[in-house]
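Text of run.txt (compact mmCIF, N, CA and C atoms) as supplied:
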```txt
# COMPACT_ATOMS: atom_id res chain seq x y z
N MET A 167 23.45 43.32 -12.93
CA MET A 167 24.52 42.58 -13.56
C MET A 167 23.96 41.82 -14.75
N THR A 168 24.71 41.83 -15.83
CA THR A 168 24.30 41.09 -17.01
C THR A 168 25.09 39.79 -17.07
N PHE A 169 24.66 38.90 -17.93
CA PHE A 169 25.33 37.61 -18.11
C PHE A 169 26.79 37.81 -18.50
N GLU A 170 27.06 38.78 -19.35
CA GLU A 170 28.42 39.05 -19.80
C GLU A 170 29.32 39.54 -18.67
N GLU A 171 28.75 40.11 -17.63
CA GLU A 171 29.54 40.66 -16.52
C GLU A 171 29.91 39.62 -15.47
N ILE A 172 29.38 38.43 -15.58
CA ILE A 172 29.72 37.38 -14.62
C ILE A 172 31.17 36.99 -14.81
N ASP A 173 31.91 36.98 -13.69
CA ASP A 173 33.32 36.60 -13.75
C ASP A 173 33.63 35.60 -12.65
N ASP A 174 34.90 35.20 -12.57
CA ASP A 174 35.31 34.23 -11.56
C ASP A 174 35.06 34.73 -10.15
N GLU A 175 35.25 36.00 -9.92
CA GLU A 175 35.04 36.57 -8.58
C GLU A 175 33.56 36.43 -8.18
N PHE A 176 32.67 36.72 -9.10
CA PHE A 176 31.24 36.55 -8.85
C PHE A 176 30.94 35.09 -8.51
N ALA A 177 31.51 34.18 -9.29
CA ALA A 177 31.29 32.75 -9.07
C ALA A 177 31.78 32.33 -7.69
N LYS A 178 32.93 32.82 -7.28
CA LYS A 178 33.48 32.48 -5.96
C LYS A 178 32.60 33.03 -4.85
N THR A 179 32.22 34.28 -4.99
CA THR A 179 31.46 34.96 -3.94
C THR A 179 30.04 34.44 -3.82
N ASN A 180 29.39 34.18 -4.93
CA ASN A 180 27.96 33.87 -4.91
C ASN A 180 27.59 32.41 -5.07
N ALA A 181 28.51 31.61 -5.61
CA ALA A 181 28.16 30.21 -5.87
C ALA A 181 29.13 29.24 -5.22
N GLY A 182 30.18 29.75 -4.61
CA GLY A 182 31.17 28.86 -4.00
C GLY A 182 31.95 28.07 -5.03
N ALA A 183 31.99 28.56 -6.25
CA ALA A 183 32.72 27.90 -7.33
C ALA A 183 34.07 28.60 -7.51
N GLU A 184 35.02 27.89 -8.07
CA GLU A 184 36.35 28.46 -8.30
C GLU A 184 36.40 29.34 -9.53
N SER A 185 35.49 29.12 -10.46
CA SER A 185 35.48 29.90 -11.69
C SER A 185 34.06 30.01 -12.21
N LYS A 186 33.88 30.92 -13.18
CA LYS A 186 32.54 31.04 -13.75
C LYS A 186 32.18 29.78 -14.53
N GLU A 187 33.19 29.11 -15.14
CA GLU A 187 32.92 27.87 -15.85
C GLU A 187 32.42 26.79 -14.89
N GLU A 188 33.05 26.72 -13.70
CA GLU A 188 32.60 25.75 -12.69
C GLU A 188 31.18 26.10 -12.22
N MET A 189 30.90 27.37 -12.06
CA MET A 189 29.56 27.80 -11.66
C MET A 189 28.55 27.40 -12.73
N TYR A 190 28.89 27.62 -14.00
CA TYR A 190 28.00 27.23 -15.09
C TYR A 190 27.74 25.73 -15.04
N GLU A 191 28.77 24.94 -14.78
CA GLU A 191 28.62 23.49 -14.71
C GLU A 191 27.72 23.10 -13.53
N MET A 192 27.88 23.80 -12.40
CA MET A 192 27.03 23.53 -11.24
C MET A 192 25.57 23.83 -11.58
N VAL A 193 25.34 24.92 -12.26
CA VAL A 193 23.98 25.30 -12.65
C VAL A 193 23.41 24.26 -13.62
N ARG A 194 24.22 23.86 -14.62
CA ARG A 194 23.79 22.86 -15.59
C ARG A 194 23.41 21.55 -14.90
N GLN A 195 24.27 21.10 -13.98
CA GLN A 195 24.00 19.85 -13.26
C GLN A 195 22.73 19.97 -12.43
N GLY A 196 22.56 21.10 -11.77
CA GLY A 196 21.35 21.32 -10.97
C GLY A 196 20.10 21.28 -11.82
N MET A 197 20.17 21.89 -12.99
CA MET A 197 19.02 21.89 -13.89
C MET A 197 18.73 20.49 -14.42
N GLU A 198 19.76 19.72 -14.72
CA GLU A 198 19.57 18.33 -15.18
C GLU A 198 18.93 17.49 -14.08
N GLU A 199 19.43 17.64 -12.84
CA GLU A 199 18.86 16.88 -11.72
C GLU A 199 17.40 17.24 -11.51
N GLU A 200 17.08 18.52 -11.59
CA GLU A 200 15.69 18.95 -11.43
C GLU A 200 14.83 18.38 -12.55
N ASN A 201 15.32 18.43 -13.77
CA ASN A 201 14.60 17.89 -14.92
C ASN A 201 14.35 16.39 -14.75
N ASN A 202 15.37 15.66 -14.33
CA ASN A 202 15.23 14.22 -14.11
C ASN A 202 14.22 13.93 -13.00
N TYR A 203 14.24 14.73 -11.95
CA TYR A 203 13.28 14.57 -10.85
C TYR A 203 11.86 14.72 -11.38
N TYR A 204 11.62 15.78 -12.15
CA TYR A 204 10.26 16.02 -12.65
C TYR A 204 9.84 14.96 -13.67
N LYS A 205 10.77 14.46 -14.47
CA LYS A 205 10.44 13.36 -15.38
C LYS A 205 9.98 12.14 -14.59
N MET A 206 10.73 11.80 -13.54
CA MET A 206 10.38 10.64 -12.72
C MET A 206 9.04 10.87 -12.02
N GLU A 207 8.85 12.07 -11.50
CA GLU A 207 7.58 12.38 -10.82
C GLU A 207 6.41 12.28 -11.80
N ASP A 208 6.58 12.81 -13.00
CA ASP A 208 5.52 12.74 -14.00
C ASP A 208 5.22 11.29 -14.37
N SER A 209 6.27 10.48 -14.53
CA SER A 209 6.08 9.07 -14.85
C SER A 209 5.34 8.36 -13.74
N THR A 210 5.75 8.61 -12.51
CA THR A 210 5.12 7.98 -11.35
C THR A 210 3.65 8.38 -11.26
N LYS A 211 3.36 9.65 -11.44
CA LYS A 211 1.97 10.12 -11.40
C LYS A 211 1.15 9.50 -12.53
N GLY A 212 1.77 9.37 -13.69
CA GLY A 212 1.07 8.76 -14.83
C GLY A 212 0.72 7.32 -14.57
N ILE A 213 1.67 6.58 -14.01
CA ILE A 213 1.42 5.17 -13.68
C ILE A 213 0.34 5.07 -12.61
N GLN A 214 0.46 5.91 -11.59
CA GLN A 214 -0.54 5.90 -10.52
C GLN A 214 -1.93 6.20 -11.09
N GLN A 215 -2.04 7.21 -11.94
CA GLN A 215 -3.34 7.56 -12.50
C GLN A 215 -3.88 6.44 -13.37
N TYR A 216 -3.02 5.79 -14.13
CA TYR A 216 -3.45 4.65 -14.95
C TYR A 216 -4.02 3.54 -14.06
N LEU A 217 -3.30 3.22 -12.99
CA LEU A 217 -3.78 2.18 -12.09
C LEU A 217 -5.10 2.56 -11.44
N LEU A 218 -5.23 3.80 -11.02
CA LEU A 218 -6.47 4.25 -10.40
C LEU A 218 -7.63 4.23 -11.39
N ASP A 219 -7.34 4.54 -12.66
CA ASP A 219 -8.38 4.57 -13.68
C ASP A 219 -8.82 3.17 -14.11
N THR A 220 -7.94 2.19 -14.00
CA THR A 220 -8.24 0.87 -14.56
C THR A 220 -8.52 -0.21 -13.51
N CYS A 221 -8.28 0.09 -12.26
CA CYS A 221 -8.50 -0.91 -11.20
C CYS A 221 -9.67 -0.49 -10.33
N THR A 222 -10.39 -1.48 -9.84
CA THR A 222 -11.49 -1.24 -8.92
C THR A 222 -11.03 -1.57 -7.52
N VAL A 223 -11.25 -0.65 -6.61
CA VAL A 223 -10.83 -0.83 -5.23
C VAL A 223 -12.01 -0.56 -4.31
N GLU A 224 -12.22 -1.47 -3.39
CA GLU A 224 -13.24 -1.25 -2.36
C GLU A 224 -12.52 -0.98 -1.05
N ILE A 225 -12.83 0.16 -0.46
CA ILE A 225 -12.20 0.55 0.80
C ILE A 225 -13.20 0.32 1.93
N PRO A 226 -12.86 -0.53 2.89
CA PRO A 226 -13.76 -0.71 4.03
C PRO A 226 -13.98 0.62 4.75
N ALA A 227 -15.23 0.89 5.11
CA ALA A 227 -15.59 2.18 5.72
C ALA A 227 -14.79 2.47 6.98
N ASP A 228 -14.62 1.46 7.83
CA ASP A 228 -13.89 1.71 9.08
C ASP A 228 -12.40 1.98 8.81
N PHE A 229 -11.83 1.34 7.80
CA PHE A 229 -10.45 1.58 7.41
C PHE A 229 -10.29 3.02 6.94
N PHE A 230 -11.23 3.45 6.07
CA PHE A 230 -11.19 4.82 5.58
C PHE A 230 -11.34 5.81 6.73
N ALA A 231 -12.28 5.56 7.62
CA ALA A 231 -12.53 6.48 8.73
C ALA A 231 -11.28 6.63 9.60
N ASP A 232 -10.61 5.53 9.87
CA ASP A 232 -9.38 5.58 10.67
C ASP A 232 -8.30 6.39 9.97
N ARG A 233 -8.10 6.15 8.68
CA ARG A 233 -7.06 6.86 7.94
C ARG A 233 -7.40 8.34 7.80
N PHE A 234 -8.68 8.64 7.58
CA PHE A 234 -9.09 10.03 7.46
C PHE A 234 -8.84 10.76 8.78
N GLU A 235 -9.21 10.13 9.86
CA GLU A 235 -9.01 10.75 11.18
C GLU A 235 -7.52 10.97 11.46
N ALA A 236 -6.69 10.01 11.07
CA ALA A 236 -5.24 10.16 11.25
C ALA A 236 -4.72 11.33 10.41
N TYR A 237 -5.22 11.47 9.19
CA TYR A 237 -4.80 12.56 8.31
C TYR A 237 -5.22 13.91 8.90
N ARG A 238 -6.46 13.97 9.37
CA ARG A 238 -6.98 15.20 9.99
C ARG A 238 -6.16 15.55 11.23
N ASN A 239 -5.89 14.56 12.06
CA ASN A 239 -5.11 14.81 13.28
C ASN A 239 -3.69 15.25 12.97
N MET A 240 -3.10 14.67 11.92
CA MET A 240 -1.76 15.08 11.51
C MET A 240 -1.77 16.56 11.10
N PHE A 241 -2.79 16.96 10.38
CA PHE A 241 -2.91 18.36 9.96
C PHE A 241 -3.04 19.26 11.19
N ILE A 242 -3.88 18.88 12.12
CA ILE A 242 -4.08 19.67 13.33
C ILE A 242 -2.79 19.77 14.13
N THR A 243 -2.08 18.67 14.25
CA THR A 243 -0.81 18.67 14.97
C THR A 243 0.20 19.58 14.29
N GLN A 244 0.28 19.47 12.98
CA GLN A 244 1.29 20.21 12.23
C GLN A 244 0.99 21.70 12.13
N TYR A 245 -0.26 22.06 11.96
CA TYR A 245 -0.59 23.45 11.67
C TYR A 245 -1.38 24.19 12.76
N CYS A 246 -1.93 23.45 13.71
CA CYS A 246 -2.77 24.08 14.72
C CYS A 246 -2.27 23.81 16.14
N GLU A 247 -1.00 23.48 16.25
CA GLU A 247 -0.39 23.21 17.55
C GLU A 247 -1.13 22.12 18.30
N GLY A 248 -1.75 21.20 17.57
CA GLY A 248 -2.47 20.10 18.18
C GLY A 248 -3.82 20.48 18.75
N ASP A 249 -4.27 21.69 18.50
CA ASP A 249 -5.52 22.19 19.06
C ASP A 249 -6.60 22.23 17.97
N ALA A 250 -7.50 21.26 18.02
CA ALA A 250 -8.56 21.16 17.00
C ALA A 250 -9.47 22.37 16.97
N THR A 251 -9.56 23.10 18.08
CA THR A 251 -10.43 24.28 18.11
C THR A 251 -9.89 25.40 17.22
N LYS A 252 -8.62 25.31 16.84
CA LYS A 252 -8.01 26.34 15.98
C LYS A 252 -8.13 26.01 14.50
N LEU A 253 -8.64 24.83 14.17
CA LEU A 253 -8.64 24.36 12.80
C LEU A 253 -9.44 25.24 11.86
N GLU A 254 -10.67 25.54 12.19
CA GLU A 254 -11.50 26.33 11.28
C GLU A 254 -10.90 27.71 11.03
N GLU A 255 -10.41 28.34 12.06
CA GLU A 255 -9.79 29.66 11.89
C GLU A 255 -8.54 29.57 11.02
N TYR A 256 -7.73 28.54 11.25
CA TYR A 256 -6.52 28.36 10.46
C TYR A 256 -6.87 28.19 8.98
N LEU A 257 -7.82 27.32 8.69
CA LEU A 257 -8.22 27.08 7.30
C LEU A 257 -8.77 28.35 6.65
N SER A 258 -9.53 29.10 7.41
CA SER A 258 -10.12 30.32 6.89
C SER A 258 -9.05 31.37 6.60
N THR A 259 -8.12 31.58 7.52
CA THR A 259 -7.12 32.63 7.33
C THR A 259 -6.01 32.22 6.37
N GLN A 260 -5.59 30.97 6.41
CA GLN A 260 -4.46 30.54 5.58
C GLN A 260 -4.86 30.11 4.17
N TYR A 261 -6.04 29.51 4.04
CA TYR A 261 -6.44 28.96 2.75
C TYR A 261 -7.74 29.55 2.21
N GLN A 262 -8.42 30.37 3.00
CA GLN A 262 -9.70 30.95 2.63
C GLN A 262 -10.71 29.87 2.22
N ILE A 263 -10.73 28.78 3.00
CA ILE A 263 -11.69 27.71 2.77
C ILE A 263 -12.36 27.35 4.09
N THR A 264 -13.51 26.68 3.96
CA THR A 264 -14.23 26.23 5.15
C THR A 264 -13.70 24.86 5.56
N LEU A 265 -14.07 24.44 6.75
CA LEU A 265 -13.71 23.11 7.22
C LEU A 265 -14.30 22.05 6.29
N GLU A 266 -15.52 22.26 5.84
CA GLU A 266 -16.16 21.30 4.94
C GLU A 266 -15.37 21.17 3.63
N GLN A 267 -14.90 22.28 3.10
CA GLN A 267 -14.11 22.24 1.86
C GLN A 267 -12.79 21.51 2.09
N ALA A 268 -12.15 21.77 3.22
CA ALA A 268 -10.89 21.09 3.54
C ALA A 268 -11.12 19.60 3.68
N GLU A 269 -12.17 19.22 4.39
CA GLU A 269 -12.44 17.80 4.60
C GLU A 269 -12.75 17.08 3.29
N GLU A 270 -13.41 17.76 2.36
CA GLU A 270 -13.68 17.15 1.06
C GLU A 270 -12.36 16.92 0.32
N SER A 271 -11.48 17.88 0.37
CA SER A 271 -10.17 17.73 -0.25
C SER A 271 -9.39 16.60 0.41
N TRP A 272 -9.42 16.54 1.72
CA TRP A 272 -8.72 15.48 2.47
C TRP A 272 -9.29 14.11 2.12
N ARG A 273 -10.62 14.02 1.94
CA ARG A 273 -11.23 12.74 1.56
C ARG A 273 -10.66 12.25 0.23
N GLU A 274 -10.50 13.16 -0.72
CA GLU A 274 -9.94 12.81 -2.02
C GLU A 274 -8.50 12.34 -1.88
N VAL A 275 -7.71 13.05 -1.08
CA VAL A 275 -6.30 12.68 -0.86
C VAL A 275 -6.21 11.31 -0.21
N VAL A 276 -6.97 11.11 0.85
CA VAL A 276 -6.93 9.84 1.58
C VAL A 276 -7.42 8.70 0.70
N THR A 277 -8.47 8.94 -0.07
CA THR A 277 -8.98 7.91 -0.97
C THR A 277 -7.91 7.51 -1.98
N THR A 278 -7.26 8.47 -2.58
CA THR A 278 -6.20 8.19 -3.56
C THR A 278 -5.06 7.42 -2.91
N GLU A 279 -4.66 7.84 -1.72
CA GLU A 279 -3.57 7.14 -1.01
C GLU A 279 -3.94 5.68 -0.75
N ILE A 280 -5.13 5.45 -0.23
CA ILE A 280 -5.55 4.09 0.10
C ILE A 280 -5.70 3.24 -1.16
N GLU A 281 -6.36 3.78 -2.17
CA GLU A 281 -6.53 3.01 -3.41
C GLU A 281 -5.17 2.63 -4.00
N THR A 282 -4.25 3.57 -4.03
CA THR A 282 -2.91 3.29 -4.55
C THR A 282 -2.22 2.22 -3.72
N GLU A 283 -2.31 2.35 -2.41
CA GLU A 283 -1.72 1.36 -1.50
C GLU A 283 -2.30 -0.02 -1.74
N PHE A 284 -3.62 -0.12 -1.87
CA PHE A 284 -4.27 -1.41 -2.09
C PHE A 284 -3.88 -2.02 -3.43
N ILE A 285 -3.85 -1.19 -4.48
CA ILE A 285 -3.50 -1.68 -5.81
C ILE A 285 -2.06 -2.18 -5.83
N LEU A 286 -1.14 -1.39 -5.31
CA LEU A 286 0.26 -1.80 -5.30
C LEU A 286 0.48 -3.03 -4.43
N GLY A 287 -0.27 -3.12 -3.34
CA GLY A 287 -0.19 -4.32 -2.50
C GLY A 287 -0.67 -5.55 -3.24
N ALA A 288 -1.75 -5.41 -4.00
CA ALA A 288 -2.26 -6.56 -4.78
C ALA A 288 -1.26 -6.96 -5.85
N ILE A 289 -0.64 -5.98 -6.49
CA ILE A 289 0.38 -6.28 -7.51
C ILE A 289 1.56 -7.01 -6.87
N ALA A 290 2.00 -6.50 -5.73
CA ALA A 290 3.13 -7.14 -5.04
C ALA A 290 2.82 -8.57 -4.64
N ARG A 291 1.61 -8.80 -4.13
CA ARG A 291 1.21 -10.17 -3.77
C ARG A 291 1.17 -11.07 -5.00
N GLU A 292 0.65 -10.54 -6.09
CA GLU A 292 0.57 -11.31 -7.34
C GLU A 292 1.97 -11.67 -7.84
N MET A 293 2.92 -10.81 -7.59
CA MET A 293 4.31 -11.06 -8.03
C MET A 293 5.11 -11.86 -7.02
N GLY A 294 4.46 -12.19 -5.90
CA GLY A 294 5.14 -12.97 -4.87
C GLY A 294 6.13 -12.17 -4.06
N MET A 295 5.89 -10.91 -3.96
CA MET A 295 6.82 -10.03 -3.22
C MET A 295 6.40 -9.89 -1.77
```
Could you render the structure as structure tokens?
Amino acid sequence: MTFEEIDDEFAKTNAGAESKEEMYEMVRQGMEEENNYYKMEDSTKGIQQYLLDTCTVEIPADFFADRFEAYRNMFITQYCEGDATKLEEYLSTQYQITLEQAEESWREVVTTEIETEFILGAIAREMGM
């Protein structure tokens, strides 16, 4: 089917719209919403990266260890049916990585999460929130 062949019947059958014009409007709105979402996400990531680049954060070792273990356990629960003995095989077959590679990636994720949490908490306290 070409763009020129789209008609009201196609719109009703495939998009739940009453007309092709309504279907076009639904598509336009969906694209605008997606664009706005990505703009907001990009802005949020930019602000987060700026804060991480300009602020110094010290993470207590025991705090990090607890959060890392929680992250690891969440992964095992979600993807390995709660069975840690399946973890290495899962990582190997699904991601073609070793446990060590996964843990290094998880360390980066957890570090970023904690640093962001600490920075935003300090900002909130400074603002009296």
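One distance worth recording is that between atom CA of Phe230 of chain A and atom CA of Val276 of chain A, which is 7.7 Å.
The closest residue to Ile225 of chain A, picked from A:Thr179, A:Thr168, A:Thr277, A:Asn239 and counting only C-alpha atoms, is A:Thr277.
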Tell me, counting only C-alpha atoms, for each residue of segment 182-248 of chain A within 10 Å of segment 256-272 of chain A, which pair of atoms is nearest and how far apart they are in Å to one decimal, in rows ordered by chain and increasing number, as a Markdown table.
```
| residue | atom | partner | partner_atom | distance |
| --- | --- | --- | --- | --- |
| A:Phe234 | CA | A:Trp272 | CA | 7.4 |
| A:Glu235 | CA | A:Trp272 | CA | 9.9 |
| A:Tyr237 | CA | A:Trp272 | CA | 7.6 |
| A:Arg238 | CA | A:Trp272 | CA | 7.7 |
| A:Phe241 | CA | A:Trp272 | CA | 9.9 |
| A:Ile242 | CA | A:Tyr256 | CA | 9.5 |
| A:Tyr245 | CA | A:Tyr256 | CA | 7.8 |
| A:Cys246 | CA | A:Tyr256 | CA | 7.1 |
```
With N, CA and C atoms retained, export the selected residues as a PDB file, in the frame of the given file.
```
ATOM      1  N   PHE A 234      -8.680   8.640   7.580  1.00  0.00           N
ATOM      2  CA  PHE A 234      -9.090  10.030   7.460  1.00  0.00           C
ATOM      3  C   PHE A 234      -8.840  10.760   8.780  1.00  0.00           C
ATOM      4  N   GLU A 235      -9.210  10.130   9.860  1.00  0.00           N
ATOM      5  CA  GLU A 235      -9.010  10.750  11.180  1.00  0.00           C
ATOM      6  C   GLU A 235      -7.520  10.970  11.460  1.00  0.00           C
ATOM      7  N   TYR A 237      -5.220  11.470   9.190  1.00  0.00           N
ATOM      8  CA  TYR A 237      -4.800  12.560   8.310  1.00  0.00           C
ATOM      9  C   TYR A 237      -5.220  13.910   8.900  1.00  0.00           C
ATOM     10  N   ARG A 238      -6.460  13.970   9.370  1.00  0.00           N
ATOM     11  CA  ARG A 238      -6.980  15.200   9.990  1.00  0.00           C
ATOM     12  C   ARG A 238      -6.160  15.550  11.230  1.00  0.00           C
ATOM     13  N   PHE A 241      -2.790  16.960  10.380  1.00  0.00           N
ATOM     14  CA  PHE A 241      -2.910  18.360   9.960  1.00  0.00           C
ATOM     15  C   PHE A 241      -3.040  19.260  11.190  1.00  0.00           C
ATOM     16  N   ILE A 242      -3.880  18.880  12.120  1.00  0.00           N
ATOM     17  CA  ILE A 242      -4.080  19.670  13.330  1.00  0.00           C
ATOM     18  C   ILE A 242      -2.790  19.770  14.130  1.00  0.00           C
ATOM     19  N   TYR A 245      -0.260  22.060  11.960  1.00  0.00           N
ATOM     20  CA  TYR A 245      -0.590  23.450  11.670  1.00  0.00           C
ATOM     21  C   TYR A 245      -1.380  24.190  12.760  1.00  0.00           C
ATOM     22  N   CYS A 246      -1.930  23.450  13.710  1.00  0.00           N
ATOM     23  CA  CYS A 246      -2.770  24.080  14.720  1.00  0.00           C
ATOM     24  C   CYS A 246      -2.270  23.810  16.140  1.00  0.00           C
TER      25      CYS A 246
END
```
Alpha helix (DSSP H) residues, from DSSP on the backbone, in chain A, as number ranges by chain: A: 174-181, 186-220, 227-245, 253-261, 265-292
Gap from atom CA of Tyr216 of chain A to atom N of Arg233 of chain A - Å, one decimal: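 Spanning atom CA of Tyr216 of chain A to atom N of Arg233 of chain A is a straight-line distance of 24.1 Å.
Closest approach to Ser185 of chain A from the set A:Met293, A:Ile172, A:Met197, A:Ile280 is made by A:Ile172, with distances taken over all atoms listed in the file.
Between atom C of Ala177 of chain A and atom CA of Glu200 of chain A lies a distance of 21.3 Å.
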Which of A:Thr243, A:Gln195, A:Ser209, A:Gln214 sits closest to Thr282 of chain A [using all atoms listed in the file]: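 Among the listed residues, A:Gln214 lies closest to Thr282 of chain A.
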Within 12 Å of Phe284 of chain A using only C-alpha atoms, minus same-chain residues under 2 positions, as number ranges by chain: A: 214, 217-218, 221-226, 229, 277-282, 286-291
